[in-house]
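Undergrad: Next comes the structure file coords10.txt, holding compact mmCIF, C-alpha atoms.
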# COMPACT_ATOMS: atom_id res chain seq x y z
CA MET A 27 0.00 0.00 0.00
CA VAL A 28 1.32 3.45 -0.97
CA GLU A 29 0.77 6.50 1.23
CA ILE A 30 2.04 10.07 1.10
CA ARG A 31 2.29 12.07 4.32
CA TRP A 32 4.00 15.15 5.70
CA MET A 33 7.65 14.68 6.56
CA GLN A 34 8.33 14.20 10.29
CA MET A 35 11.37 14.50 12.54
CA GLU A 36 11.38 10.68 12.73
CA ASP A 37 12.11 10.57 8.96
CA ARG A 38 15.49 12.25 9.48
CA ASP A 39 17.74 9.23 8.79
CA PHE A 40 15.83 8.26 5.66
CA TRP A 41 15.68 11.85 4.46
CA PHE A 42 19.39 12.56 4.84
CA ARG A 43 20.25 9.31 3.10
CA LEU A 44 18.55 10.63 -0.07
CA ASP A 45 18.84 14.40 0.31
CA LYS A 46 22.39 15.71 0.75
CA HIS A 47 21.46 19.35 0.03
CA ILE A 48 19.65 20.42 3.21
CA SER A 49 20.99 21.42 6.60
CA GLU A 50 19.79 20.03 9.93
CA GLU A 51 18.25 23.41 10.78
CA GLU A 52 16.41 23.66 7.47
CA TYR A 53 15.15 20.10 7.85
CA GLY A 54 13.54 21.13 11.13
CA ASN A 55 12.04 24.18 9.44
CA LYS A 56 10.55 22.02 6.66
CA VAL A 57 8.97 19.68 9.23
CA ARG A 58 7.60 22.61 11.23
CA ASP A 59 6.26 24.46 8.17
CA LYS A 60 4.95 21.32 6.41
CA ARG A 61 7.07 21.87 3.31
CA GLY A 62 7.86 18.25 2.49
CA TYR A 63 6.33 14.83 1.99
CA VAL A 64 7.42 11.23 2.42
CA LEU A 65 5.98 8.49 0.23
CA THR A 66 5.81 5.09 1.92
CA GLU A 67 5.23 1.65 0.48
CA ASN A 68 3.82 -0.79 3.02
CA GLY A 69 4.97 1.52 5.80
CA ARG A 70 8.57 1.82 4.53
CA PRO A 71 9.79 5.21 3.28
CA ALA A 72 10.48 5.10 -0.45
CA GLY A 73 10.56 8.69 -1.72
CA LEU A 74 10.48 12.34 -0.76
CA LEU A 75 9.57 15.77 -2.07
CA ARG A 76 10.39 19.12 -0.52
CA TYR A 77 9.46 22.60 -1.63
CA ASN A 78 9.48 26.26 -0.75
CA LEU A 79 7.79 29.38 -2.06
CA PHE A 80 9.68 31.16 -4.84
CA TRP A 81 9.11 34.93 -4.57
CA ASP A 82 7.26 33.99 -1.35
CA ASN A 83 4.16 33.25 -3.43
CA THR A 84 4.85 30.44 -5.94
CA PRO A 85 5.33 26.77 -4.94
CA PHE A 86 8.76 25.58 -6.10
CA CYS A 87 9.77 21.91 -5.86
CA THR A 88 13.36 21.96 -4.64
CA MET A 89 13.92 18.21 -4.29
CA LEU A 90 12.24 15.06 -5.55
CA VAL A 91 13.95 11.72 -4.94
CA VAL A 92 12.77 8.12 -5.02
CA ASP A 93 15.01 5.53 -3.36
CA TRP A 94 16.80 3.39 -5.94
CA ASP A 95 14.99 0.18 -4.86
CA TYR A 96 11.60 1.82 -5.52
CA GLN A 97 12.26 3.55 -8.83
CA GLY A 98 10.22 2.69 -11.90
CA LYS A 99 6.94 2.33 -9.99
CA GLY A 100 5.54 5.79 -10.75
CA TYR A 101 6.25 7.13 -7.26
CA GLY A 102 7.86 10.34 -8.51
CA GLY A 103 4.69 11.12 -10.46
CA LYS A 104 2.55 10.28 -7.42
CA LEU A 105 4.56 12.68 -5.24
CA MET A 106 4.29 15.47 -7.82
CA ALA A 107 0.53 14.92 -8.27
CA HIS A 108 0.02 14.95 -4.48
CA TRP A 109 2.01 18.19 -4.16
CA GLU A 110 0.09 19.81 -7.03
CA ARG A 111 -3.27 18.89 -5.47
CA ASP A 112 -2.14 20.19 -2.10
CA MET A 113 -0.95 23.48 -3.59
CA LYS A 114 -4.13 23.89 -5.63
CA SER A 115 -6.22 23.34 -2.49
CA GLN A 116 -4.26 26.19 -0.89
CA GLY A 117 -5.17 28.52 -3.75
CA TYR A 118 -1.98 28.45 -5.82
CA GLY A 119 -2.33 28.43 -9.60
CA MET A 120 1.24 27.97 -10.81
CA MET A 121 4.09 25.60 -9.88
CA LEU A 122 7.84 25.77 -10.52
CA THR A 123 10.63 23.23 -10.43
CA SER A 124 14.17 23.04 -11.75
CA THR A 125 16.87 20.59 -12.75
CA GLN A 126 20.32 20.76 -14.25
CA VAL A 127 20.40 20.51 -18.04
CA ASP A 128 22.58 17.39 -17.85
CA GLU A 129 20.00 15.52 -15.76
CA SER A 130 17.20 13.40 -17.25
CA ALA A 131 14.61 14.81 -14.80
CA GLN A 132 13.72 17.49 -17.37
CA HIS A 133 12.02 14.80 -19.49
CA PHE A 134 10.07 13.52 -16.47
CA TYR A 135 8.79 17.02 -15.66
CA ARG A 136 7.80 17.67 -19.28
CA LYS A 137 5.74 14.45 -19.29
CA LEU A 138 3.89 15.87 -16.28
CA GLY A 139 3.00 19.02 -18.21
CA TYR A 140 5.80 21.34 -17.10
CA LYS A 141 7.24 23.72 -19.70
CA ASP A 142 10.74 25.17 -19.92
CA CYS A 143 10.80 28.78 -18.74
CA GLY A 144 14.44 29.79 -18.44
CA GLY A 145 17.61 29.07 -16.56
CA PHE A 146 20.91 30.35 -15.26
CA VAL A 147 24.57 29.40 -15.16
CA ILE A 148 26.72 29.52 -12.04
CA ASP A 149 30.41 29.83 -12.87
CA ILE A 150 31.75 31.08 -9.53
CA PRO A 151 34.87 29.04 -8.63
CA GLY A 152 33.94 26.32 -6.16
CA TYR A 153 30.22 26.53 -6.99
CA GLU A 154 30.27 25.76 -10.72
CA GLN A 155 27.51 23.57 -12.10
CA PRO A 156 25.80 22.88 -15.42
CA MET A 157 23.01 25.28 -16.34
CA GLU A 158 20.00 25.11 -13.99
CA MET A 159 16.81 25.08 -16.04
CA PHE A 160 13.43 26.10 -14.67
CA LEU A 161 10.09 24.56 -15.58
CA VAL A 162 6.60 25.92 -14.93
CA LYS A 163 3.09 24.48 -14.89
CA LYS A 164 -0.34 25.98 -14.46
CA ILE A 165 -2.43 23.95 -12.03
CA LEU A 166 -5.74 22.98 -13.55
For the structure just supplied, provide its representation as structure tokens.

TA:
Amino acid sequence: MVEIRWMQMEDRDFWFRLDKHISEEEYGNKVRDKRGYVLTENGRPAGLLRYNLFWDNTPFCTMLVVDWDYQGKGYGGKLMAHWERDMKSQGYGMMLTSTQVDESAQHFYRKLGYKDCGGFVIDIPGYEQPMEMFLVKKIL
């Protein structure tokens, strides 16, 4: 059985195994502010999604990861659909996400109806990365 619920402090070990881009303090903030979800399969955590508000008014998915052992089951799509429904119920009409141009996630997001809407390049020594592309979707 698959369930999606708000992230909790008890998810910490699972979360940090998949998400290496968040600090301990910010993890606590996400739990407190209900800005992340955990997908479970038969009670075992299998995937996660976290977000924030871009411009303080637009939901922006900052991380979506499904554990390797659970990939290929449609769980990424389930997490995104859950997040979109939740954001729509809160009155939001537009969603954003991003990925690096060298990652295949861009194709996944396009299949879900997201459209390319720009990007940026970071070339500061020590922080270089491939271009970050942004994708947008109107919630129907």

Undergrad: Pick from A:Met113, A:Ile150, A:Cys87, A:Met106: nearest to A:Thr125, with all atoms listed in the file counted?

TA: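 Between A:Met113, A:Ile150, A:Cys87, A:Met106, the residue approaching A:Thr125 most closely is A:Cys87.
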
Undergrad: Restricting the calculation to all atoms listed in the file, which member of A:Trp109, A:Phe160, A:Phe146, A:Phe40 is positioned closest to A:Leu75?

TA: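 Nearest candidate to A:Leu75 out of A:Trp109, A:Phe160, A:Phe146, A:Phe40: A:Trp109.
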
Undergrad: Measuring atom to atom with only C-alpha atoms, identify which of A:Glu158, A:Asp112, A:Glu52, A:Asp95 is nearest to A:Gln132.

TA: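 Closest residue, counting only C-alpha atoms: A:Glu158.
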
Undergrad: To one decimal place, how far is atom CA of A:Glu29 from atom CA of A:Arg43 in Å?

TA: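 Interatomic distance here is 19.8 Å.
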
Undergrad: Near A:Lys114, counting only C-alpha atoms, which residues have an atom at most 9 Å away, once you skip same-chain residues fewer than 5 positions from it, shown as a list of chain:residue names?

TA: A:Trp109, A:Gly119, A:Met120, A:Ile165, A:Leu166

Undergrad: I'd like the interatomic distance between atom CA of A:Asp45 and atom CA of A:Val91, to a tenth of an Å.

TA: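 Answer for the atom CA of A:Asp45 to atom CA of A:Val91 separation: 7.7 Å.
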
Undergrad: Any idea what the distance is between atom CA of A:Met33 and atom CA of A:Lys141?

TA: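 That distance, rounded to one decimal, is 27.8 Å.
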
Undergrad: Go through A:Ser124, A:Thr66, A:Gln34, A:Asn83 and flag the residue nearest A:Tyr53, using only C-alpha atoms for the distances.

TA: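 For A:Tyr53, the nearest of the given residues is A:Gln34.
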
Undergrad: Ranking A:Cys143, A:Ile30, A:Met35, A:Leu90 by minimum distance to A:Pro71 and counting only C-alpha atoms, which one comes first?

TA: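 Looking at the shortest contact to A:Pro71, the residue is A:Ile30.
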
Undergrad: Please determine, counting only C-alpha atoms, which residue among A:Phe134, A:Lys163, A:Val127, A:His108 has the shortest atom-to-atom distance to A:Val147.

TA: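 That would be A:Val127, the residue with the smallest distance to A:Val147.
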